[in-house]
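Trainee: Dumping the structure here so I can ask a few things about it.
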Amino acid sequence: MRRKLITPNASAASLEVRGFHRKNADAQELLETIGRTFLAGYAYAAEARTPAEAERDLEGVPVRFRGFAYEGAAMAMAVMDGLSVGRGGRFARFVEGPGRDHVYMAYVGAGWAMARLPRFRWSRIGTFDPLLQWLVLDGYGFHQAYFHTRRYVHEQYRPDRFPWPSGGPGWYVPRAIDQGIGRAMWFVGGADAKVVADMIDRFPEARHADLYSGAGLAATYAGGAGEEELAEFLRRSGTHRPQVAQACVFAAEARVRAGLVVPHTGVATEVFCGMTPEQAAQVSRDVRPDGPAPEGETPAYEVWRQRVAAQFLSAGRC
């Protein structure tokens with residue numbers, strides 16, 4: 001009954017229902033399978049009595065799509081925490097247990113939950129790693145662009161004030177949300193690199209770096225475009241090539257850490273970074289900050305992103 005009450009309808013994954021661009025049948029099937037898998041993971045967690053019980057179903061999902069199932073499961077755990085009148089803690093136990101190697105996707109899933117929960121219930125989800133908490137806003141931005149596409153993508157809406165995280169810095173919040181909007185635009189554009197780049201280029205220039213970064217992450221993690229199309233997307237990103245490479249590195253790290261590397265991961269890391277997924281993931285690990293930045297300064301997460309991008313600038317790859 002819990003699964004039926006809180007699980008979104010499967011039609012939400014249909015590109016036709018969403019009004020998204022359909023490049024071809026293969027890309028459409030891929031993106032819709034990702035959406036259906038996310039909802040399946042959500043449902044597994046919604047009906048499970050414990051995170052460990054959900055893990056049995058999640059591990060049965062095909063490797064290419066398993067990360068999205070964990071993302072959906074994390075959203076469900078966070079939603080149940082937010083709606084709970086009791087002890088809660090499902091999301092925390094999930095991230096510390098079955099979702100440990102999928103922590104990046106889990107934090108994004110928590111952002112989806114925030115988009116569905118009343119703001120006064122957000123604190124029920126628990127606390128987040130100060131370094132990775134910005135991925136929650138990435139997830140929030142993805143949700144808003146995916147479900148409120150006209151406002152967030154076509155009308156280019158950007159929230160001026162956002163109540164989370166309470167510790168700031170507030171100036172970085174819209175940038176983190178933009179990274180999620182850019183990631184969603186890969187889906188809105190049907191994994192068509194030209195369509196996605198055209199959409200991004202219609203935004204103010206100041207937002208391009210984060211939008212291209214988000215789309216580059218989705219192109220690497222989700223796939224849907226071949227080598228030539230990815231190369232054209234990289235060319236279209238222009239001066240933001242380092243940000244595309246940075247996002248590709250993060251996507252590779254997410255798949256390598258979870259043991260979910262598939263052929264398209266290697267195609268993307270070769271085009272965007274000139275290296276294998278394992279080498280790209282190592283770049284991320286080598287420059288990861290040791291802890292959060294002092295309050296009021298550039299968030300450690302952004303420092304991390306900048307360090308990764310600088311690796312490609314200094315090597316002359318971008």
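In the structure tokens, chains take the letters A, B, ... in the order shown, each chain's residues start at 1, and ligands count up from 1 in the order shown.
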What's the 10 Å shell around Gly19 of chain A, counting only C-alpha atoms, without same-chain residues fewer than 6 positions away, as a PyMOL selection string?

Mentor: chain A and resi 149-150+188-189

Trainee: Excluding segment 214-220 of chain A and its own-chain neighbours fewer than 4 positions away, which residues fall within 9 Å of it when counting only C-alpha atoms? Please give them as a PyMOL selection string.

Mentor: chain A and resi 138+178-187+191+193+196-197+209-210+224-225+230+233-234+243-252+264-269+272

Trainee: Could you save those same residues with N, CA and C atoms as a tab-separated table (two decimals), in the first residue's frame?

Mentor:
```tsv
chain	number	residue	atom	x	y	z
A	138	ASP	N	21.73	19.96	-7.06
A	138	ASP	CA	21.79	19.45	-8.44
A	138	ASP	C	20.55	18.61	-8.70
A	178	ASP	N	21.71	25.13	-11.33
A	178	ASP	CA	21.93	25.16	-12.79
A	178	ASP	C	22.62	23.89	-13.28
A	179	GLN	N	23.51	23.35	-12.47
A	179	GLN	CA	24.18	22.10	-12.88
A	179	GLN	C	23.16	20.99	-13.06
A	180	GLY	N	22.15	20.96	-12.18
A	180	GLY	CA	21.08	19.98	-12.32
A	180	GLY	C	20.17	20.28	-13.50
A	181	ILE	N	19.91	21.56	-13.75
A	181	ILE	CA	19.10	21.94	-14.91
A	181	ILE	C	19.80	21.51	-16.19
A	182	GLY	N	21.10	21.74	-16.26
A	182	GLY	CA	21.85	21.32	-17.45
A	182	GLY	C	21.81	19.82	-17.64
A	183	ARG	N	21.88	19.08	-16.54
A	183	ARG	CA	21.82	17.62	-16.63
A	183	ARG	C	20.45	17.18	-17.16
A	184	ALA	N	19.40	17.83	-16.68
A	184	ALA	CA	18.06	17.49	-17.17
A	184	ALA	C	17.89	17.84	-18.63
A	185	MET	N	18.59	18.87	-19.08
A	185	MET	CA	18.45	19.29	-20.48
A	185	MET	C	18.93	18.22	-21.45
A	186	TRP	N	19.81	17.34	-20.99
A	186	TRP	CA	20.21	16.21	-21.84
A	186	TRP	C	19.01	15.32	-22.12
A	187	PHE	N	18.11	15.21	-21.15
A	187	PHE	CA	16.89	14.43	-21.31
A	187	PHE	C	15.84	15.24	-22.08
A	191	ALA	N	18.82	13.56	-25.72
A	191	ALA	CA	20.21	13.12	-25.95
A	191	ALA	C	20.71	13.52	-27.33
A	193	ALA	N	22.76	16.07	-29.11
A	193	ALA	CA	23.77	17.04	-28.70
A	193	ALA	C	23.52	18.42	-29.29
A	196	VAL	N	20.51	20.06	-27.49
A	196	VAL	CA	20.89	20.45	-26.13
A	196	VAL	C	21.78	21.69	-26.14
A	197	ALA	N	22.77	21.71	-27.02
A	197	ALA	CA	23.66	22.87	-27.10
A	197	ALA	C	22.89	24.12	-27.52
A	209	ALA	N	28.47	27.87	-18.31
A	209	ALA	CA	29.47	26.93	-17.78
A	209	ALA	C	28.81	25.82	-16.97
A	210	ASP	N	27.89	26.19	-16.09
A	210	ASP	CA	27.24	25.18	-15.25
A	210	ASP	C	26.26	24.33	-16.06
A	224	GLY	N	23.55	7.92	-24.74
A	224	GLY	CA	22.56	8.28	-25.74
A	224	GLY	C	23.12	8.95	-26.97
A	225	ALA	N	24.44	9.22	-26.98
A	225	ALA	CA	25.07	9.85	-28.14
A	225	ALA	C	26.38	9.14	-28.44
A	230	LEU	N	29.21	13.39	-29.54
A	230	LEU	CA	29.84	13.91	-28.33
A	230	LEU	C	30.94	14.91	-28.67
A	233	PHE	N	29.33	18.11	-29.47
A	233	PHE	CA	28.88	18.78	-28.25
A	233	PHE	C	30.05	19.47	-27.56
A	234	LEU	N	31.19	18.80	-27.50
A	234	LEU	CA	32.37	19.39	-26.88
A	234	LEU	C	32.80	20.63	-27.64
A	243	GLN	N	34.82	22.61	-18.25
A	243	GLN	CA	33.70	22.24	-17.39
A	243	GLN	C	33.03	20.96	-17.87
A	244	VAL	N	32.99	20.74	-19.18
A	244	VAL	CA	32.46	19.48	-19.70
A	244	VAL	C	33.37	18.33	-19.28
A	245	ALA	N	34.68	18.54	-19.40
A	245	ALA	CA	35.64	17.50	-18.98
A	245	ALA	C	35.51	17.22	-17.49
A	246	GLN	N	35.35	18.28	-16.69
A	246	GLN	CA	35.18	18.10	-15.24
A	246	GLN	C	33.97	17.25	-14.92
A	247	ALA	N	32.85	17.55	-15.59
A	247	ALA	CA	31.62	16.80	-15.34
A	247	ALA	C	31.76	15.35	-15.77
A	248	CYS	N	32.48	15.14	-16.87
A	248	CYS	CA	32.73	13.78	-17.34
A	248	CYS	C	33.53	13.00	-16.30
A	249	VAL	N	34.50	13.66	-15.69
A	249	VAL	CA	35.31	13.02	-14.64
A	249	VAL	C	34.43	12.62	-13.46
A	250	PHE	N	33.53	13.50	-13.04
A	250	PHE	CA	32.64	13.18	-11.93
A	250	PHE	C	31.72	12.01	-12.28
A	251	ALA	N	31.22	12.00	-13.50
A	251	ALA	CA	30.35	10.89	-13.92
A	251	ALA	C	31.12	9.58	-13.95
A	252	ALA	N	32.36	9.63	-14.43
A	252	ALA	CA	33.19	8.43	-14.46
A	252	ALA	C	33.46	7.93	-13.05
A	264	HIS	N	29.65	2.81	-23.10
A	264	HIS	CA	29.46	4.23	-23.45
A	264	HIS	C	30.21	5.15	-22.50
A	265	THR	N	30.50	4.68	-21.29
A	265	THR	CA	31.28	5.49	-20.35
A	265	THR	C	32.66	5.77	-20.94
A	266	GLY	N	33.27	4.73	-21.50
A	266	GLY	CA	34.59	4.88	-22.08
A	266	GLY	C	34.61	5.75	-23.32
A	267	VAL	N	33.55	5.68	-24.12
A	267	VAL	CA	33.45	6.55	-25.30
A	267	VAL	C	33.44	8.01	-24.86
A	268	ALA	N	32.65	8.31	-23.85
A	268	ALA	CA	32.54	9.69	-23.39
A	268	ALA	C	33.84	10.19	-22.76
A	269	THR	N	34.48	9.38	-21.92
A	269	THR	CA	35.71	9.84	-21.28
A	269	THR	C	36.83	10.02	-22.30
A	272	PHE	N	35.71	13.44	-24.21
A	272	PHE	CA	35.72	14.63	-23.37
A	272	PHE	C	37.04	14.84	-22.63
```

Trainee: Nearest to Asp290 of chain A: which of A:Pro130, A:Gly97, A:Ala43, A:Gln306 is it, counting only C-alpha atoms?

Mentor: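 Among the listed residues, the smallest separation from Asp290 of chain A belongs to A:Pro130.
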
Trainee: Would you kindly return, as a PDB file with N, CA, C and O atoms, in the first residue's frame, each protein, DNA or RNA residue with an atom no farther than 10 Å from any atom of Tyr70 of chain A, considering only C-alpha atoms and excluding same-chain residues fewer than 2 positions away?

Mentor:
```pdb
ATOM      1  N   THR A  37      13.432   2.907 -14.735  1.00  0.00           N
ATOM      2  CA  THR A  37      14.303   2.269 -13.747  1.00  0.00           C
ATOM      3  C   THR A  37      14.376   3.105 -12.477  1.00  0.00           C
ATOM      4  O   THR A  37      14.378   2.569 -11.357  1.00  0.00           O
ATOM      5  N   PHE A  38      14.446   4.426 -12.629  1.00  0.00           N
ATOM      6  CA  PHE A  38      14.411   5.316 -11.468  1.00  0.00           C
ATOM      7  C   PHE A  38      13.148   5.046 -10.653  1.00  0.00           C
ATOM      8  O   PHE A  38      13.194   4.907  -9.430  1.00  0.00           O
ATOM      9  N   LEU A  39      12.010   4.955 -11.336  1.00  0.00           N
ATOM     10  CA  LEU A  39      10.741   4.731 -10.637  1.00  0.00           C
ATOM     11  C   LEU A  39      10.684   3.338 -10.016  1.00  0.00           C
ATOM     12  O   LEU A  39      10.097   3.152  -8.945  1.00  0.00           O
ATOM     13  N   ALA A  40      11.310   2.366 -10.678  1.00  0.00           N
ATOM     14  CA  ALA A  40      11.358   1.018 -10.107  1.00  0.00           C
ATOM     15  C   ALA A  40      12.170   1.024  -8.812  1.00  0.00           C
ATOM     16  O   ALA A  40      11.777   0.423  -7.808  1.00  0.00           O
ATOM     17  N   GLY A  41      13.311   1.719  -8.830  1.00  0.00           N
ATOM     18  CA  GLY A  41      14.120   1.817  -7.621  1.00  0.00           C
ATOM     19  C   GLY A  41      13.366   2.515  -6.502  1.00  0.00           C
ATOM     20  O   GLY A  41      13.440   2.114  -5.339  1.00  0.00           O
ATOM     21  N   TYR A  42      12.620   3.541  -6.875  1.00  0.00           N
ATOM     22  CA  TYR A  42      11.786   4.245  -5.899  1.00  0.00           C
ATOM     23  C   TYR A  42      10.777   3.277  -5.272  1.00  0.00           C
ATOM     24  O   TYR A  42      10.602   3.243  -4.052  1.00  0.00           O
ATOM     25  N   TYR A  44      10.937  -0.023  -5.122  1.00  0.00           N
ATOM     26  CA  TYR A  44      11.595  -1.035  -4.291  1.00  0.00           C
ATOM     27  C   TYR A  44      11.801  -0.503  -2.874  1.00  0.00           C
ATOM     28  O   TYR A  44      11.575  -1.212  -1.885  1.00  0.00           O
ATOM     29  N   ALA A  45      12.263   0.744  -2.787  1.00  0.00           N
ATOM     30  CA  ALA A  45      12.526   1.315  -1.469  1.00  0.00           C
ATOM     31  C   ALA A  45      11.237   1.615  -0.722  1.00  0.00           C
ATOM     32  O   ALA A  45      11.174   1.459   0.503  1.00  0.00           O
ATOM     33  N   ALA A  54      15.659  -3.485   0.383  1.00  0.00           N
ATOM     34  CA  ALA A  54      15.597  -2.824  -0.922  1.00  0.00           C
ATOM     35  C   ALA A  54      16.804  -3.194  -1.775  1.00  0.00           C
ATOM     36  O   ALA A  54      16.691  -3.331  -3.006  1.00  0.00           O
ATOM     37  N   GLU A  55      17.952  -3.377  -1.138  1.00  0.00           N
ATOM     38  CA  GLU A  55      19.178  -3.676  -1.870  1.00  0.00           C
ATOM     39  C   GLU A  55      19.041  -4.942  -2.711  1.00  0.00           C
ATOM     40  O   GLU A  55      19.587  -5.007  -3.827  1.00  0.00           O
ATOM     41  N   LEU A  58      17.446  -3.883  -5.884  1.00  0.00           N
ATOM     42  CA  LEU A  58      18.273  -2.921  -6.611  1.00  0.00           C
ATOM     43  C   LEU A  58      19.439  -3.603  -7.314  1.00  0.00           C
ATOM     44  O   LEU A  58      19.799  -3.252  -8.442  1.00  0.00           O
ATOM     45  N   GLU A  59      20.041  -4.594  -6.676  1.00  0.00           N
ATOM     46  CA  GLU A  59      21.194  -5.285  -7.258  1.00  0.00           C
ATOM     47  C   GLU A  59      20.798  -6.167  -8.437  1.00  0.00           C
ATOM     48  O   GLU A  59      21.660  -6.618  -9.189  1.00  0.00           O
ATOM     49  N   VAL A  61      18.979  -5.016 -10.907  1.00  0.00           N
ATOM     50  CA  VAL A  61      18.812  -4.130 -12.056  1.00  0.00           C
ATOM     51  C   VAL A  61      20.052  -4.216 -12.952  1.00  0.00           C
ATOM     52  O   VAL A  61      21.180  -4.257 -12.443  1.00  0.00           O
ATOM     53  N   PHE A  65      21.783   0.549 -15.869  1.00  0.00           N
ATOM     54  CA  PHE A  65      20.716   1.367 -15.289  1.00  0.00           C
ATOM     55  C   PHE A  65      20.671   1.323 -13.757  1.00  0.00           C
ATOM     56  O   PHE A  65      19.865   2.018 -13.156  1.00  0.00           O
ATOM     57  N   ARG A  66      21.542   0.545 -13.151  1.00  0.00           N
ATOM     58  CA  ARG A  66      21.439   0.316 -11.714  1.00  0.00           C
ATOM     59  C   ARG A  66      21.609   1.603 -10.907  1.00  0.00           C
ATOM     60  O   ARG A  66      20.949   1.802  -9.881  1.00  0.00           O
ATOM     61  N   GLY A  67      22.494   2.477 -11.328  1.00  0.00           N
ATOM     62  CA  GLY A  67      22.697   3.718 -10.596  1.00  0.00           C
ATOM     63  C   GLY A  67      21.428   4.550 -10.507  1.00  0.00           C
ATOM     64  O   GLY A  67      21.171   5.209  -9.492  1.00  0.00           O
ATOM     65  N   PHE A  68      20.626   4.524 -11.565  1.00  0.00           N
ATOM     66  CA  PHE A  68      19.372   5.278 -11.556  1.00  0.00           C
ATOM     67  C   PHE A  68      18.365   4.647 -10.591  1.00  0.00           C
ATOM     68  O   PHE A  68      17.567   5.349  -9.975  1.00  0.00           O
ATOM     69  N   GLY A  72      16.601   6.554  -7.454  1.00  0.00           N
ATOM     70  CA  GLY A  72      15.181   6.529  -7.137  1.00  0.00           C
ATOM     71  C   GLY A  72      14.919   6.011  -5.740  1.00  0.00           C
ATOM     72  O   GLY A  72      14.056   6.526  -5.022  1.00  0.00           O
ATOM     73  N   ALA A  73      15.667   4.989  -5.341  1.00  0.00           N
ATOM     74  CA  ALA A  73      15.503   4.448  -3.985  1.00  0.00           C
ATOM     75  C   ALA A  73      15.854   5.495  -2.940  1.00  0.00           C
ATOM     76  O   ALA A  73      15.173   5.624  -1.912  1.00  0.00           O
ATOM     77  N   ALA A  74      16.916   6.245  -3.182  1.00  0.00           N
ATOM     78  CA  ALA A  74      17.311   7.289  -2.235  1.00  0.00           C
ATOM     79  C   ALA A  74      16.225   8.354  -2.129  1.00  0.00           C
ATOM     80  O   ALA A  74      15.942   8.855  -1.033  1.00  0.00           O
ATOM     81  N   MET A  75      15.618   8.696  -3.254  1.00  0.00           N
ATOM     82  CA  MET A  75      14.519   9.658  -3.198  1.00  0.00           C
ATOM     83  C   MET A  75      13.388   9.137  -2.316  1.00  0.00           C
ATOM     84  O   MET A  75      12.845   9.867  -1.482  1.00  0.00           O
ATOM     85  N   ALA A  76      13.032   7.874  -2.507  1.00  0.00           N
ATOM     86  CA  ALA A  76      11.949   7.287  -1.715  1.00  0.00           C
ATOM     87  C   ALA A  76      12.286   7.306  -0.229  1.00  0.00           C
ATOM     88  O   ALA A  76      11.442   7.636   0.617  1.00  0.00           O
ATOM     89  N   PHE A  94      20.474   4.237   4.537  1.00  0.00           N
ATOM     90  CA  PHE A  94      20.667   3.794   3.151  1.00  0.00           C
ATOM     91  C   PHE A  94      22.044   4.222   2.636  1.00  0.00           C
ATOM     92  O   PHE A  94      22.775   3.424   2.046  1.00  0.00           O
ATOM     93  N   PRO A  98      23.610   0.104   2.024  1.00  0.00           N
ATOM     94  CA  PRO A  98      23.536  -0.329   0.619  1.00  0.00           C
ATOM     95  C   PRO A  98      23.908   0.750  -0.392  1.00  0.00           C
ATOM     96  O   PRO A  98      24.452   0.447  -1.456  1.00  0.00           O
ATOM     97  N   GLY A  99      23.619   2.013  -0.077  1.00  0.00           N
ATOM     98  CA  GLY A  99      23.879   3.088  -1.027  1.00  0.00           C
ATOM     99  C   GLY A  99      25.235   3.727  -0.894  1.00  0.00           C
ATOM    100  O   GLY A  99      25.507   4.742  -1.548  1.00  0.00           O
ATOM    101  N   ASP A 101      28.270   3.056  -1.989  1.00  0.00           N
ATOM    102  CA  ASP A 101      29.036   3.225  -3.221  1.00  0.00           C
ATOM    103  C   ASP A 101      28.260   3.999  -4.283  1.00  0.00           C
ATOM    104  O   ASP A 101      28.789   4.276  -5.362  1.00  0.00           O
ATOM    105  N   HIS A 102      27.024   4.346  -3.976  1.00  0.00           N
ATOM    106  CA  HIS A 102      26.180   5.119  -4.895  1.00  0.00           C
ATOM    107  C   HIS A 102      25.851   6.474  -4.274  1.00  0.00           C
ATOM    108  O   HIS A 102      24.808   7.062  -4.571  1.00  0.00           O
ATOM    109  N   VAL A 103      26.746   6.976  -3.416  1.00  0.00           N
ATOM    110  CA  VAL A 103      26.446   8.163  -2.629  1.00  0.00           C
ATOM    111  C   VAL A 103      26.138   9.376  -3.501  1.00  0.00           C
ATOM    112  O   VAL A 103      25.259  10.191  -3.165  1.00  0.00           O
ATOM    113  N   TYR A 104      26.836   9.517  -4.641  1.00  0.00           N
ATOM    114  CA  TYR A 104      26.581  10.675  -5.499  1.00  0.00           C
ATOM    115  C   TYR A 104      25.149  10.642  -6.018  1.00  0.00           C
ATOM    116  O   TYR A 104      24.434  11.647  -5.989  1.00  0.00           O
ATOM    117  N   MET A 105      24.719   9.486  -6.492  1.00  0.00           N
ATOM    118  CA  MET A 105      23.355   9.348  -6.997  1.00  0.00           C
ATOM    119  C   MET A 105      22.345   9.488  -5.861  1.00  0.00           C
ATOM    120  O   MET A 105      21.254  10.040  -6.039  1.00  0.00           O
ATOM    121  N   ALA A 106      22.698   9.004  -4.679  1.00  0.00           N
ATOM    122  CA  ALA A 106      21.788   9.089  -3.540  1.00  0.00           C
ATOM    123  C   ALA A 106      21.535  10.545  -3.152  1.00  0.00           C
ATOM    124  O   ALA A 106      20.395  10.938  -2.862  1.00  0.00           O
ATOM    125  N   GLY A 109      19.212  12.027  -5.521  1.00  0.00           N
ATOM    126  CA  GLY A 109      17.865  11.550  -5.216  1.00  0.00           C
ATOM    127  C   GLY A 109      17.234  12.315  -4.077  1.00  0.00           C
ATOM    128  O   GLY A 109      16.018  12.583  -4.078  1.00  0.00           O
TER     129      GLY A 109
END
```

Trainee: Could you check how far atom CA of Lys194 of chain A sits from atom CA of Lys23 of chain A, in Å to one decimal?

Mentor: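 Going from atom CA of Lys194 of chain A over to atom CA of Lys23 of chain A covers 10.3 Å.
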
Trainee: Residues of segment 138-216 of chain A classed as alpha helix (DSSP H) by DSSP on the backbone are to be reported as JSON, numbers by chain.

Mentor: {"A": [138, 139, 140, 141, 142, 143, 144, 145, 146, 147, 149, 173, 174, 175, 176, 177, 178, 179, 180, 181, 182, 183, 184, 185, 186, 187, 188, 193, 194, 195, 196, 197, 198, 199, 200, 201, 208, 209, 210, 211, 212, 213, 214, 215, 216]}

Trainee: Taking 2 positions as the minimum chain separation for residues in the same chain, which residues sit within 9 Å of Val287 of chain A when counting only C-alpha atoms? Answer as a list in words.

Mentor: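 Neighbouring residues, sequence-local ones excluded: Gln282, Val283, Ser284, Arg285, Pro289, Asp290, Trp304, Arg307 and Val308 of chain A.
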
Trainee: Do a neighbour search on Ala206 of chain A at 12 Å with only C-alpha atoms, toss out local chain neighbours closer than 6 positions, and write the hits as a VMD selection string.

Mentor: chain A and resid 174 to 175 178 200 212 240

Trainee: Write a file of the selected residues as a compact mmCIF listing (two decimals), in the first residue's frame, keeping all heavy atoms.

Mentor:
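Once everything was written out, this is out07.txt:
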```txt
# COMPACT_ATOMS: atom_id res chain seq x y z
N PRO A 174 22.24 29.01 -6.75
CA PRO A 174 21.71 28.94 -8.13
C PRO A 174 22.67 28.25 -9.09
O PRO A 174 22.22 27.65 -10.09
CB PRO A 174 21.47 30.40 -8.50
CG PRO A 174 22.26 31.20 -7.53
CD PRO A 174 22.33 30.39 -6.28
N ARG A 175 23.94 28.30 -8.84
CA ARG A 175 24.90 27.62 -9.71
C ARG A 175 24.76 26.11 -9.58
O ARG A 175 24.77 25.39 -10.59
CB ARG A 175 26.33 28.05 -9.37
CG ARG A 175 26.65 29.48 -9.79
CD ARG A 175 28.16 29.71 -9.82
NE ARG A 175 28.82 28.71 -10.65
CZ ARG A 175 30.14 28.54 -10.69
NH1 ARG A 175 30.93 29.28 -9.91
NH2 ARG A 175 30.67 27.62 -11.47
N ASP A 178 21.71 25.13 -11.33
CA ASP A 178 21.93 25.16 -12.79
C ASP A 178 22.62 23.89 -13.28
O ASP A 178 22.37 23.42 -14.40
CB ASP A 178 22.77 26.38 -13.17
CG ASP A 178 21.90 27.58 -13.54
OD1 ASP A 178 20.66 27.46 -13.53
OD2 ASP A 178 22.47 28.66 -13.84
N ILE A 200 21.07 25.42 -24.46
CA ILE A 200 21.99 26.06 -23.51
C ILE A 200 22.40 27.43 -24.02
O ILE A 200 22.44 28.41 -23.25
CB ILE A 200 23.22 25.17 -23.28
CG1 ILE A 200 22.83 23.89 -22.53
CG2 ILE A 200 24.29 25.94 -22.49
CD1 ILE A 200 23.95 22.90 -22.38
N TYR A 212 26.47 23.59 -19.35
CA TYR A 212 27.25 22.66 -20.17
C TYR A 212 27.85 21.55 -19.30
O TYR A 212 27.92 20.39 -19.71
CB TYR A 212 28.36 23.40 -20.92
CG TYR A 212 27.94 23.85 -22.31
CD1 TYR A 212 27.74 25.18 -22.61
CD2 TYR A 212 27.73 22.91 -23.33
CE1 TYR A 212 27.35 25.59 -23.89
CE2 TYR A 212 27.34 23.30 -24.60
CZ TYR A 212 27.16 24.65 -24.87
OH TYR A 212 26.75 25.03 -26.13
N HIS A 240 33.91 26.53 -22.52
CA HIS A 240 33.48 25.74 -21.37
C HIS A 240 33.86 24.27 -21.50
O HIS A 240 33.35 23.43 -20.75
CB HIS A 240 31.97 25.89 -21.18
CG HIS A 240 31.51 27.32 -21.13
ND1 HIS A 240 31.96 28.19 -20.17
CD2 HIS A 240 30.69 28.02 -21.94
CE1 HIS A 240 31.42 29.39 -20.38
NE2 HIS A 240 30.66 29.31 -21.44
```
